[in-house]
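> There's a structure below that I have some questions on.
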Amino acid sequence: MTGGNLTRDEAAERARLLTTRHYAVELDLTRGDTLFGSKSTISFACAEPGAATFVDLLAPTVRSVTLNGAALDPAEVFDGARVHLRDLRAENVVVIDADAAYSRTGEGLHRFVDPVDGEVYLYTQFEPADSRRLFANFEQPDLKAAFQFTVTAPPNWRVWSNESLEELSQDAAGANVWRFNATKPISTYITAIVAGDYHVVEDSHTVGLPDGSELLIPVSAMVRKSLAPYFDAEAILAVTKAGLDFYHRIFDYPYPFGKYDSAFVPEYNLGAMENPGLVTFNEKLVFRSKTTDASYQGRANTIMHEMAHMWFGDLVTMKWWDDLWLKESFADFMGTYALVQATRWDDAWVSFANGRKAWAYRQDQLPTTHPIVADIGDLEAARLNFDGITYAKGASVLKQLAAYVGEEAFLEGARRYFQRHAFDNTTLDDLLEVLEETSGRDMKTWSQAWLETAGVNTLTAQTQTDGNGTVTAARVRQSAIPEFPTLRPHRVAVGGYSPNPATGAVELVERFELDVDGELTELPQLIGKPRPALVLLNDRDLTYAKIRFTAAELDAFERGGIAALPDSMARALAWSGVWHMTRDALVPGRRFLEIVLNNIEAETDISVVQNLLRQASQVRKRFLDPANRPAAAARLAARLWELLAGAAPGSDHQVAFAYGAVRAANQDSDFDRLKDLLTAGSTAGGTLAYDGLAVDQDLRWKIIEALAAAGHDDDAVLAEREAAADDTADGRRHRAAARAARPLAEAKAEAWALVVETPDQPNDLIDAVLAEFHQPDQGKLAEPYVERYFAALAPIWAERSIQNAERIVSGGYPWPLASAGLLSRTDAWLASAESKAPALARLVLEARDDTARALRAQECDRNA
C-alpha cells in the first residue's frame with residue numbers, strides 16, 4: 001500500500017502531546033493537470049515544550065518548511081510521508097509549502113476530465129487518512145481544529161468547501177481566489193473541496209427549532225454538466241429537506257454546519273461521504289437509464305445515512321478507528337429509520353432485512369470476521385474495516401437495542417450524547433454511559449455480548465406433535481460455530497402461519513415475543529395448539545441471527561409457500577433463511593433456484609425481487625455442481641424470459657426481469673433474443689418486442705457484455721460500435737468490460753494489462769473489467785492467471801493505492817477454477833513471506849473462503 005502508515009499508539013501519543021487550534025490551507029489549482037500548490041499554516045499547542053512530533057503529508061515535493069519563524073531544510077525533515085518537527089514551544093506555528101499531486105484513483109484530490117465535453121472536475125475523498133494528500137496536517141480523528149480554505153482556481157470554475165464563501169477575488173493572472181469561512185472544530189478526514197464548472201441547483205430550507213425560532217439552511221445539489229439532463233435535483237433536494245426536518249425533530253440539536261451541499265461526482269470510490277456542509281455522492285446515483293424504485297429508495301437511504309453523520313461522526317467523532325462503528329452503525333441504522341419515518345418508503349426495513357443484512361451475515365461468517373468494536377492497530381487495518389460488520393451488523397444490533405431499551409430511551413440517549421460531546425471525540429464507554437442513564441439497563445453486559453464478540457448465531461425452532469398435529473413440545477435451539485462460540489441474548493418475535501381451511505389463503509395464526517438466551521429456550525405459547533405450517537423465528541426482524549426451516553417448510557416453499565405469506569417482512573425473512581441454508585450447503589443450489597422461480601413472480605417488493613435475481617445469478621455461477629449447471633441454467637433463463645413477457649408494461653418488475661434474463665442468458669436461443677432486443681427493443685419493427693420495455697443505454701451495455709462473454713462478439717464489433725455512440729465515461733468503462741468478457745486469450749491478456757499492469761487506474765474501471773474478466777464457463781482461460789495472480793499480489797500491495805489494490809486482490813482471484821488445488825495454492829501463498837501484510841492476507845483469505853464455501857455448495861448440489 002502506497003503512503004505512510006500510522007499506528008494507534010503513535011496517534012495516542014501525538015494526541016497526548018498536541019492541541020490543534022487552526023489551519024489556514026491555501027490551494028492553487030491553476031498549475032497544470034498533474035500537480036497543484038498546497039500550503040498549510042498550522043497553529044497548535046504542545047504540552048511538553050522541547051518535544052518532537054511530526055506532520056503528515058503525502059506529496060511529491062516540499063518546497064519549504066518554517067517552524068515558529070525558523071526555516072527548516074525540507075530534505076532533512078520530510079521523509080516522503082512525514083514532516084518531522086523538533087524543539088516545539090508551548091504555542092507553535094508551522095508553515096509547509098508543497099507541490100501535491102492530483103489523484104486518478106479517488107484518494108486525495110481526484111481529477112476527472114469528462115470525455116463528452118473536456119470539462120475538468122475535481123473533488124476530494126479522504127477517509128480514513130487521505131487529507132494529507134491535499135495538505136499537510138495531523139491526520140487523526142481526535143486532533144480536531146478549525147479549517148479555513150483559500151482556493152485559487154480557473155475563472156470559469158466554481159469552488160465549494162465545508163463552509164460558506166467569505167470572499168471572492170481575482171489574482172494578478174485573472175484566476176479567481178475563493179476564501180471560505182473557517183469551520184467549527186472538525187477532524188481532518190471530513191474536510192472537503194469540490195471544484196469545476198458543475199451544474200448546480202440551489203435552494204434553501206427552513207427548519208423549526210424547539211425554542212420556537214427557525215434555522216435557514218442553504219441547500220444545493222450539483223453534478224457534472226453532461227449528466228444534467230438526467231439530474232433529478234428536485235427529488236434529491238426533497239429527500240434532503242425531509243431529512244433535515246426529521247433529524248431536527250428527533251435529535252433536538254440544531255444542524256451545526258451552516259449549509260448543506262450535495263455533490264454527485266465521477267469515478268467515486270464509495271457510495272457517499274459525510275463531509276460536513278459538502279456531502280459527496282457517487283454519480284451512479286444519478287440514473288441515466290430507467291431503473292426501479294429500489295434504486296431511488298437506495299439513493300434516499302444514502303442521503304439519510306450521510307445526513308445522520310452530521311451528528312453521528314461529524315459533530316461527535318470517534319477518538320480512533322476502533323470505534324468507527326460509533327458513526328457508521330448509527331448512520332446505517334438511522335438511514336433506514338429515517339426513510340420509514342419521514343418518506344414514502346415506509347417499508348424500508350424489508351429491504352434492510354433482505355439486502356443490507358445479507359452483507360453483514362456474509363461478512364460475519366468469513367474467517368476474518370471481527371467484533372463490531374474492532375481492534376484497529378493502524379491505518380491499514382482501519383481501511384479494511386469499512387465492511388458489513390461495521391455498517392450493517394452494527395445497524396442490525398442497534399435496531400435490536402432500540403427494541404431492547406425502548407425507542408424513546410434510545411433517542412434520548414442520542415440527544416444527551418450530542419449535548420455532552422459536541423465537537424469532541426468519544427469512545428464506546430461514552431455511548432454506553434448515556435444509554436444506561438436513559439434506559440436504566442446494564443449496557444456493559446449487552447455490549448460484551450453484541451459489540452465485543454464476533455460471529456452470528458443460528459436459531460432453529462424444534463417442535464414435537466401428537467397424531468393430531470397438536471404441539472406437545474416446542475423450543476428454540478441457539479447454536480454457534482466453534483471458532484466464535486458466543487451464545488447471545490435475543491429479543492425475537494415468533495410468527496405462526498397456516499392456510500385458512502375455508503379459503504386456502506395463508507394467514508398469521510400466532511405471534512408472540514420472547515427473550516431467547518442460552519442454548520435452549522422453551523416456547524410454551526405453542527403447546528396444546530395445532531402446529532402452524534410455518535414457525536417463523538425472528539418474525540418482524542428484531543434480532544440479528546440466521547434461522548433454519550424444516551424439510552416440510554422447505555417443501556411448502558418450493559410449491560409457492562413464500563409467495564403465499566401475507567406480509568412482506570415475513571417473506572423477506574423466509575427468503576433470507578433459505579439463502580443462508582443454501583450458502584451453508586444445507587439446500588442444494590438447484591432447489592434454491594426452483595424456490596425462487598416458483599415464488600418470485602408474486603413478490604411485490606421490488607428490492608427483494610432484485611436481490612433474489614442477484615442471488616440466483618450467484619448460485620448459477622458458483623453453487624451448482626458443474627454437471628448440473630447446464631440444465632439448471634437453461635431452466636433459469638427460460639423462466640426469466642417468461643416472467644419478462646408476463647410483466648406489466650413499463651413496470652419495475654419488467655425492468656428487473658429484463659436485467660435478470662440478460663444476466664441468465666446461456667443458450668443460443670437466449671442470445672438470439674438479446675440480439676433482437678438490441679435491434680428492436682420495444683418497437684414494432686423487431687422480431688421480439690416487450691411492450692413498455694425501454695432498451696436504453698445501460699440495458700444495451702448489459703446485453704453487449706452478455707453477448708461478448710458467450711463468444712458472440714469476439715471481434716468486439718458490437719462493443720466498439722456502442723462505444724462510438726456512447727462516448728462517455730460510462731460508455732468507455734462498459735466497452736472495457738465487454739472486451740474483457742470475451743472468451744479469448746488475447747482478450748484476457750488485454751484486460752490483465754489494463755487493470756493489473758497499468759498503475760493508477762480509476763477504481764470503477766477496475767471494478768467493471770474484473771467483474772467480466774472471470775466467467776464461470778471460462779476456466780481454461782483463467783488457468784494462466786493463477787500464478788500471475790499470486791506473483792502480482794505483493795507488488796500490487798506495495799505499489800498501488802489501497803483502493804486499486806483491494807479491487808485487484810479481491811476481483812482478480814481465479815474463482816472459476818474452484819477446486820482443492822486452488823485452495824492448496826492459496827494456502828501456500830498465505831504461508832509464504834509474501835503474505836506478511838495483514839490487510840493483504842485478509843483479502844486473500846476471504847477470497848479463499850468464498851471458494852471453499854462454493855465447493856461445499858457444489859457438493860451439496862451434486863449429492864441432492
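Identifiers in this document derive from the order of the C-alpha cells: chains are assigned A, B, ..., residues are numbered from 1 separately in each chain, and ligands are numbered from 1 in order of occurrence.
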Would you return as a PyMOL selection string the members of region 117-365 of chain A that DSSP assigns to helix (DSSP H, G or I) on this structure's backbone?
chain A and resi 131-133+188-190+225-230+233-251+283-285+293-309+321-323+325-342+348-364
> Near Trp160 (chain A), counting only C-alpha atoms, which residues have an atom at most 7 Å away, once you skip same-chain residues fewer than 6 positions from it, shown as an mmCIF file with N, CA and C atoms, in the first residue's frame?

data_model
loop_
_atom_site.group_PDB
_atom_site.id
_atom_site.type_symbol
_atom_site.label_atom_id
_atom_site.label_comp_id
_atom_site.auth_asym_id
_atom_site.auth_seq_id
_atom_site.Cartn_x
_atom_site.Cartn_y
_atom_site.Cartn_z
ATOM 1 N N ILE A 193 -13.126 19.697 -0.577
ATOM 2 C CA ILE A 193 -13.111 20.669 -1.662
ATOM 3 C C ILE A 193 -13.772 20.030 -2.884
ATOM 4 N N VAL A 194 -14.608 20.789 -3.562
ATOM 5 C CA VAL A 194 -15.160 20.414 -4.874
ATOM 6 C C VAL A 194 -14.951 21.608 -5.793
ATOM 7 N N ALA A 195 -14.463 21.354 -7.020
ATOM 8 C CA ALA A 195 -14.175 22.469 -7.924
ATOM 9 C C ALA A 195 -14.427 22.051 -9.365
#
> Might you pull out every residue within 12 Å of Glu214 (chain A), with only C-alpha atoms counted and same-chain residues fewer than 4 positions away left off, and present them as an MDAnalysis selection string?
chainID A and resid 205:210 245 248 254:255
> If we count only C-alpha atoms and set the cut-off at 8 Å, which residues sit around region 389-400 of chain A, ignoring sequence neighbours fewer than 4 positions away in its own chain? Please answer as a ChimeraX atom specification.
/A:324-325,328-333,356-357,359-361,363-364,369-372,385,404,450-451,491,542-544
> Could the residues in this selection be saved with C-alpha atoms as a PDB file, in the first residue's frame?

ATOM      1  CA  LEU A 324     -15.563   3.536  13.671  1.00  0.00           C
ATOM      2  CA  TRP A 325     -18.867   1.777  14.347  1.00  0.00           C
ATOM      3  CA  GLU A 328     -21.188   4.045  10.710  1.00  0.00           C
ATOM      4  CA  SER A 329     -23.513   1.677  12.563  1.00  0.00           C
ATOM      5  CA  PHE A 330     -25.617   4.586  13.781  1.00  0.00           C
ATOM      6  CA  ALA A 331     -25.788   6.184  10.349  1.00  0.00           C
ATOM      7  CA  ASP A 332     -26.719   2.865   8.741  1.00  0.00           C
ATOM      8  CA  PHE A 333     -29.483   2.335  11.288  1.00  0.00           C
ATOM      9  CA  ARG A 356     -28.341  -4.933   3.813  1.00  0.00           C
ATOM     10  CA  LYS A 357     -28.261  -7.649   6.460  1.00  0.00           C
ATOM     11  CA  TRP A 359     -23.973  -8.216   3.551  1.00  0.00           C
ATOM     12  CA  ALA A 360     -23.485  -8.395   7.313  1.00  0.00           C
ATOM     13  CA  TYR A 361     -24.232 -12.115   7.544  1.00  0.00           C
ATOM     14  CA  GLN A 363     -19.002 -10.781   6.355  1.00  0.00           C
ATOM     15  CA  ASP A 364     -19.660 -12.253   9.788  1.00  0.00           C
ATOM     16  CA  THR A 369     -14.776 -11.523  10.933  1.00  0.00           C
ATOM     17  CA  HIS A 370     -14.299  -9.228  13.905  1.00  0.00           C
ATOM     18  CA  PRO A 371     -16.360  -7.674  16.698  1.00  0.00           C
ATOM     19  CA  ILE A 372     -18.321  -4.523  15.902  1.00  0.00           C
ATOM     20  CA  ASN A 385     -12.975  -2.293   8.422  1.00  0.00           C
ATOM     21  CA  TYR A 404     -34.441  -3.682  23.953  1.00  0.00           C
ATOM     22  CA  TRP A 450     -23.130  -7.927  20.969  1.00  0.00           C
ATOM     23  CA  LEU A 451     -20.387  -5.387  20.322  1.00  0.00           C
ATOM     24  CA  ARG A 491     -35.341 -10.484  21.635  1.00  0.00           C
ATOM     25  CA  LEU A 542     -35.997  -7.837  15.717  1.00  0.00           C
ATOM     26  CA  THR A 543     -32.654  -9.586  16.160  1.00  0.00           C
ATOM     27  CA  TYR A 544     -29.525 -10.477  14.220  1.00  0.00           C
TER      28      TYR A 544
END
> Just want the 10 Å neighbourhood of Ala474 (chain A), counted on only C-alpha atoms, with same-chain residues fewer than 3 positions away dropped. Output as a ChimeraX atom specification.
/A:461-465,471,477,521-527,531
> Only C-alpha atoms, please: the residues just picked out, written as a PDB file, in the first residue's frame.

ATOM      1  CA  ALA A 461     -37.479 -23.996  16.035  1.00  0.00           C
ATOM      2  CA  GLN A 462     -37.853 -27.559  17.320  1.00  0.00           C
ATOM      3  CA  THR A 463     -41.358 -28.903  17.825  1.00  0.00           C
ATOM      4  CA  GLN A 464     -42.968 -32.257  18.600  1.00  0.00           C
ATOM      5  CA  THR A 465     -46.595 -33.059  17.811  1.00  0.00           C
ATOM      6  CA  VAL A 471     -47.775 -29.353  19.640  1.00  0.00           C
ATOM      7  CA  ARG A 477     -32.231 -24.054  19.827  1.00  0.00           C
ATOM      8  CA  THR A 521     -35.437 -21.600  25.199  1.00  0.00           C
ATOM      9  CA  GLU A 522     -38.913 -23.101  25.656  1.00  0.00           C
ATOM     10  CA  LEU A 523     -41.892 -21.928  23.599  1.00  0.00           C
ATOM     11  CA  PRO A 524     -44.874 -22.629  25.900  1.00  0.00           C
ATOM     12  CA  GLN A 525     -47.090 -20.387  23.752  1.00  0.00           C
ATOM     13  CA  LEU A 526     -47.275 -23.161  21.117  1.00  0.00           C
ATOM     14  CA  ILE A 527     -48.050 -26.043  23.432  1.00  0.00           C
ATOM     15  CA  ARG A 531     -48.535 -26.695  14.804  1.00  0.00           C
TER      16      ARG A 531
END
> Enumerate the residues of region 422-653 of chain A with a DSSP assignment of strand (DSSP E or B), computed from the backbone, and present them as a ChimeraX atom specification.
/A:424-426,458-465,470-479,490-499,506-516,520-522,530,534-539,546-547
> Counting only C-alpha atoms, what is within 12 Å of His653 (chain A), bar same-chain residues fewer than 5 positions away, as a PyMOL selection string?
chain A and resi 290-294+600-610+613+640+643-648+658-661+692-693
> Generate the output file for the selected residues, N, CA, C and O atoms, as a tab-separated table (two decimals), in the first residue's frame.

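This is the output file out_6.tsv:
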chain	number	residue	atom	x	y	z
A	290	LYS	N	-33.61	3.92	-17.34
A	290	LYS	CA	-34.75	3.56	-16.49
A	290	LYS	C	-34.30	2.56	-15.45
A	290	LYS	O	-33.60	1.59	-15.74
A	291	THR	N	-34.69	2.81	-14.23
A	291	THR	CA	-34.35	1.91	-13.14
A	291	THR	C	-35.59	1.70	-12.27
A	291	THR	O	-36.65	2.29	-12.53
A	292	THR	N	-35.47	0.87	-11.27
A	292	THR	CA	-36.62	0.56	-10.43
A	292	THR	C	-36.68	1.49	-9.23
A	292	THR	O	-35.72	2.20	-8.91
A	293	ASP	N	-37.81	1.43	-8.55
A	293	ASP	CA	-37.96	2.27	-7.36
A	293	ASP	C	-36.98	1.87	-6.26
A	293	ASP	O	-36.65	2.69	-5.40
A	294	ALA	N	-36.48	0.64	-6.31
A	294	ALA	CA	-35.48	0.23	-5.32
A	294	ALA	C	-34.24	1.08	-5.43
A	294	ALA	O	-33.59	1.38	-4.42
A	600	ILE	N	-41.10	-15.89	-7.19
A	600	ILE	CA	-40.68	-14.52	-7.42
A	600	ILE	C	-41.72	-13.69	-8.17
A	600	ILE	O	-41.81	-12.47	-7.97
A	601	GLU	N	-42.53	-14.33	-8.99
A	601	GLU	CA	-43.50	-13.57	-9.79
A	601	GLU	C	-44.48	-12.81	-8.90
A	601	GLU	O	-44.92	-11.70	-9.24
A	602	ALA	N	-44.81	-13.41	-7.74
A	602	ALA	CA	-45.81	-12.79	-6.86
A	602	ALA	C	-45.20	-11.86	-5.83
A	602	ALA	O	-45.94	-11.20	-5.09
A	603	GLU	N	-43.87	-11.77	-5.79
A	603	GLU	CA	-43.24	-10.90	-4.80
A	603	GLU	C	-43.45	-9.44	-5.18
A	603	GLU	O	-43.14	-9.02	-6.29
A	604	THR	N	-44.01	-8.66	-4.27
A	604	THR	CA	-44.36	-7.28	-4.57
A	604	THR	C	-43.25	-6.29	-4.27
A	604	THR	O	-43.23	-5.19	-4.84
A	605	ASP	N	-42.34	-6.64	-3.37
A	605	ASP	CA	-41.27	-5.71	-3.01
A	605	ASP	C	-40.16	-5.82	-4.04
A	605	ASP	O	-39.47	-6.83	-4.13
A	606	ILE	N	-39.95	-4.76	-4.82
A	606	ILE	CA	-39.02	-4.84	-5.93
A	606	ILE	C	-37.57	-4.98	-5.46
A	606	ILE	O	-36.75	-5.60	-6.14
A	607	SER	N	-37.25	-4.44	-4.29
A	607	SER	CA	-35.89	-4.62	-3.79
A	607	SER	C	-35.61	-6.08	-3.49
A	607	SER	O	-34.50	-6.58	-3.71
A	608	VAL	N	-36.62	-6.79	-2.98
A	608	VAL	CA	-36.47	-8.22	-2.73
A	608	VAL	C	-36.33	-8.98	-4.05
A	608	VAL	O	-35.48	-9.87	-4.18
A	609	VAL	N	-37.14	-8.62	-5.04
A	609	VAL	CA	-37.05	-9.26	-6.36
A	609	VAL	C	-35.63	-9.13	-6.92
A	609	VAL	O	-35.02	-10.10	-7.38
A	610	GLN	N	-35.10	-7.93	-6.90
A	610	GLN	CA	-33.77	-7.72	-7.47
A	610	GLN	C	-32.69	-8.44	-6.68
A	610	GLN	O	-31.73	-8.96	-7.26
A	613	LEU	N	-32.77	-12.08	-7.70
A	613	LEU	CA	-32.16	-12.29	-9.02
A	613	LEU	C	-30.64	-12.27	-8.92
A	613	LEU	O	-29.96	-13.05	-9.61
A	640	LEU	N	-37.10	-16.82	-16.65
A	640	LEU	CA	-37.00	-15.37	-16.61
A	640	LEU	C	-37.54	-14.72	-17.87
A	640	LEU	O	-38.14	-13.64	-17.82
A	643	LEU	N	-41.20	-14.65	-17.30
A	643	LEU	CA	-41.58	-13.59	-16.36
A	643	LEU	C	-41.50	-12.22	-17.02
A	643	LEU	O	-42.36	-11.35	-16.76
A	644	LEU	N	-40.50	-12.00	-17.86
A	644	LEU	CA	-40.41	-10.74	-18.59
A	644	LEU	C	-41.62	-10.55	-19.49
A	644	LEU	O	-42.21	-9.46	-19.54
A	645	ALA	N	-42.00	-11.59	-20.20
A	645	ALA	CA	-43.14	-11.49	-21.11
A	645	ALA	C	-44.43	-11.21	-20.36
A	645	ALA	O	-45.34	-10.53	-20.89
A	646	GLY	N	-44.53	-11.69	-19.13
A	646	GLY	CA	-45.77	-11.51	-18.38
A	646	GLY	C	-45.80	-10.28	-17.50
A	646	GLY	O	-46.85	-9.97	-16.91
A	647	ALA	N	-44.71	-9.58	-17.41
A	647	ALA	CA	-44.66	-8.41	-16.52
A	647	ALA	C	-45.46	-7.25	-17.11
A	647	ALA	O	-45.55	-7.08	-18.33
A	648	ALA	N	-46.02	-6.43	-16.24
A	648	ALA	CA	-46.79	-5.27	-16.69
A	648	ALA	C	-45.89	-4.31	-17.46
A	648	ALA	O	-44.76	-4.04	-17.05
A	658	ALA	N	-35.99	-8.06	-17.05
A	658	ALA	CA	-35.18	-7.86	-18.26
A	658	ALA	C	-33.69	-8.00	-17.92
A	658	ALA	O	-32.96	-8.74	-18.59
A	659	TYR	N	-33.24	-7.31	-16.89
A	659	TYR	CA	-31.83	-7.44	-16.49
A	659	TYR	C	-31.52	-8.86	-16.03
A	659	TYR	O	-30.44	-9.39	-16.30
A	660	GLY	N	-32.48	-9.49	-15.34
A	660	GLY	CA	-32.26	-10.87	-14.90
A	660	GLY	C	-32.13	-11.82	-16.06
A	660	GLY	O	-31.27	-12.71	-16.05
A	661	ALA	N	-32.96	-11.67	-17.08
A	661	ALA	CA	-32.90	-12.54	-18.26
A	661	ALA	C	-31.60	-12.35	-19.01
A	661	ALA	O	-30.98	-13.31	-19.48
A	692	GLY	N	-43.51	-1.55	-23.59
A	692	GLY	CA	-43.14	-0.73	-22.45
A	692	GLY	C	-41.72	-0.88	-21.99
A	692	GLY	O	-41.26	-0.12	-21.13
A	693	LEU	N	-40.97	-1.85	-22.53
A	693	LEU	CA	-39.59	-2.05	-22.10
A	693	LEU	C	-38.67	-1.08	-22.83
A	693	LEU	O	-38.57	-1.12	-24.06
> Could you pull the residues within 12 Å of Leu537 (chain A), counting only C-alpha atoms, minus those fewer than 2 positions along the same chain, as a VMD selection string?
chain A and resid 458 to 462 475 to 478 490 to 497 510 to 516 523 534 to 535 539 to 549 570 573 to 574 576 to 577
> For the selection you just gave me, I'd like the residues written to a file as a short mmCIF file (atom, residue, chain, number, x, y, z; two decimals), in the first residue's frame, keeping C-alpha atoms.

data_model
loop_
_atom_site.label_atom_id
_atom_site.label_comp_id
_atom_site.auth_asym_id
_atom_site.auth_seq_id
_atom_site.Cartn_x
_atom_site.Cartn_y
_atom_site.Cartn_z
CA THR A 458 -28.35 -19.66 14.31
CA LEU A 459 -31.89 -20.14 15.68
CA THR A 460 -33.89 -23.29 14.96
CA ALA A 461 -37.48 -24.00 16.03
CA GLN A 462 -37.85 -27.56 17.32
CA ARG A 475 -38.26 -24.81 21.92
CA VAL A 476 -35.71 -22.62 20.19
CA ARG A 477 -32.23 -24.05 19.83
CA GLN A 478 -29.46 -21.48 19.56
CA HIS A 490 -32.03 -12.27 21.54
CA ARG A 491 -35.34 -10.48 21.63
CA VAL A 492 -37.40 -12.25 18.97
CA ALA A 493 -40.91 -12.45 17.66
CA VAL A 494 -42.24 -15.85 16.67
CA GLY A 495 -44.83 -15.95 13.91
CA GLY A 496 -47.05 -18.91 13.09
CA TYR A 497 -48.51 -19.06 9.55
CA GLU A 510 -49.90 -16.87 16.12
CA ARG A 511 -47.39 -14.19 17.04
CA PHE A 512 -45.63 -13.56 20.33
CA GLU A 513 -42.35 -12.10 21.55
CA LEU A 514 -39.86 -13.61 23.96
CA ASP A 515 -36.24 -13.47 25.06
CA VAL A 516 -34.03 -16.24 23.73
CA LEU A 523 -41.89 -21.93 23.60
CA LEU A 534 -44.57 -22.32 9.21
CA VAL A 535 -42.96 -21.37 12.50
CA ASP A 539 -40.63 -12.53 12.66
CA ARG A 540 -40.51 -8.72 12.34
CA ASP A 541 -36.70 -8.99 12.18
CA LEU A 542 -36.00 -7.84 15.72
CA THR A 543 -32.65 -9.59 16.16
CA TYR A 544 -29.53 -10.48 14.22
CA ALA A 545 -29.42 -14.25 13.64
CA LYS A 546 -29.75 -16.87 10.95
CA ILE A 547 -32.85 -19.06 11.00
CA ARG A 548 -33.44 -22.63 9.84
CA PHE A 549 -36.50 -24.32 8.31
CA ALA A 570 -42.27 -12.36 6.69
CA LEU A 573 -37.17 -13.31 6.34
CA ALA A 574 -38.20 -16.56 4.67
CA SER A 576 -33.18 -14.79 3.97
CA GLY A 577 -33.40 -18.11 5.77
#
> Nearest to Phe126 (chain A) among A:Gly37, A:Gly108, A:Pro266, A:Gly469, with distances taken over only C-alpha atoms: which residue is it?
A:Gly108
> Please, what distance in Å, to one decimal, runs between CA of Pro367 (chain A) and CA of Ala852 (chain A)?
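Atom-to-atom, CA of Pro367 (chain A) to CA of Ala852 (chain A), that is 11.4 Å.
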> Go ahead and compute the interatomic distance for CA of Asp378 (chain A) and CA of Arg8 (chain A), in Å to one decimal.
5.4 Å
> Determine the nearest neighbour of Leu830 (chain A) from the options A:Ser801, A:Leu793, A:Thr427, A:Ala637, counting only C-alpha atoms.
A:Leu793
> Name the closest residue to Ala794 (chain A) among the candidates A:Ser439, A:Ser835, A:Ser498, A:Gln125; distances are taken between atoms, counting only C-alpha atoms.
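With only C-alpha atoms as the atom set, the closest residue is A:Ser835.
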> Report, in Å with one decimal, the straight-line distance from CA of Asp567 (chain A) to CA of Gly504 (chain A).
15.9 Å
> Produce a table with one row for each residue of region 183-237 of chain A that has an atom at most 9 Å from any atom of region 417-425 of chain A, each row naming the nearest atom pair and its distance in Å at one decimal; use only C-alpha atoms; arrange rows by chain and rising residue number; format as a Markdown table.

| residue | atom | partner | partner_atom | distance |
| --- | --- | --- | --- | --- |
| A:Lys184 | CA | A:Phe423 | CA | 7.8 |
| A:Pro185 | CA | A:Phe423 | CA | 6.0 |
| A:Ile186 | CA | A:Phe423 | CA | 6.8 |
> Under the rule that only C-alpha atoms are counted, which of A:Thr445, A:Arg583, A:Glu76, A:Ile595 is the nearest residue to Phe557 (chain A)?
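When distances to Phe557 (chain A) are compared using only C-alpha atoms, the smallest one comes from A:Ile595.
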> Quick one: of A:Ser38, A:Asn275, A:Asn176, A:Gln615, who's nearest to Pro60 (chain A), counting only C-alpha atoms?
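Smallest separation from Pro60 (chain A) among the options: A:Ser38.
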> Considering only C-alpha atoms, can you say which of A:Trp797, A:Tyr123, A:Phe112, A:Trp815 comes closest to Ala847 (chain A)?
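Among A:Trp797, A:Tyr123, A:Phe112, A:Trp815, it is A:Trp815 that comes nearest to Ala847 (chain A).
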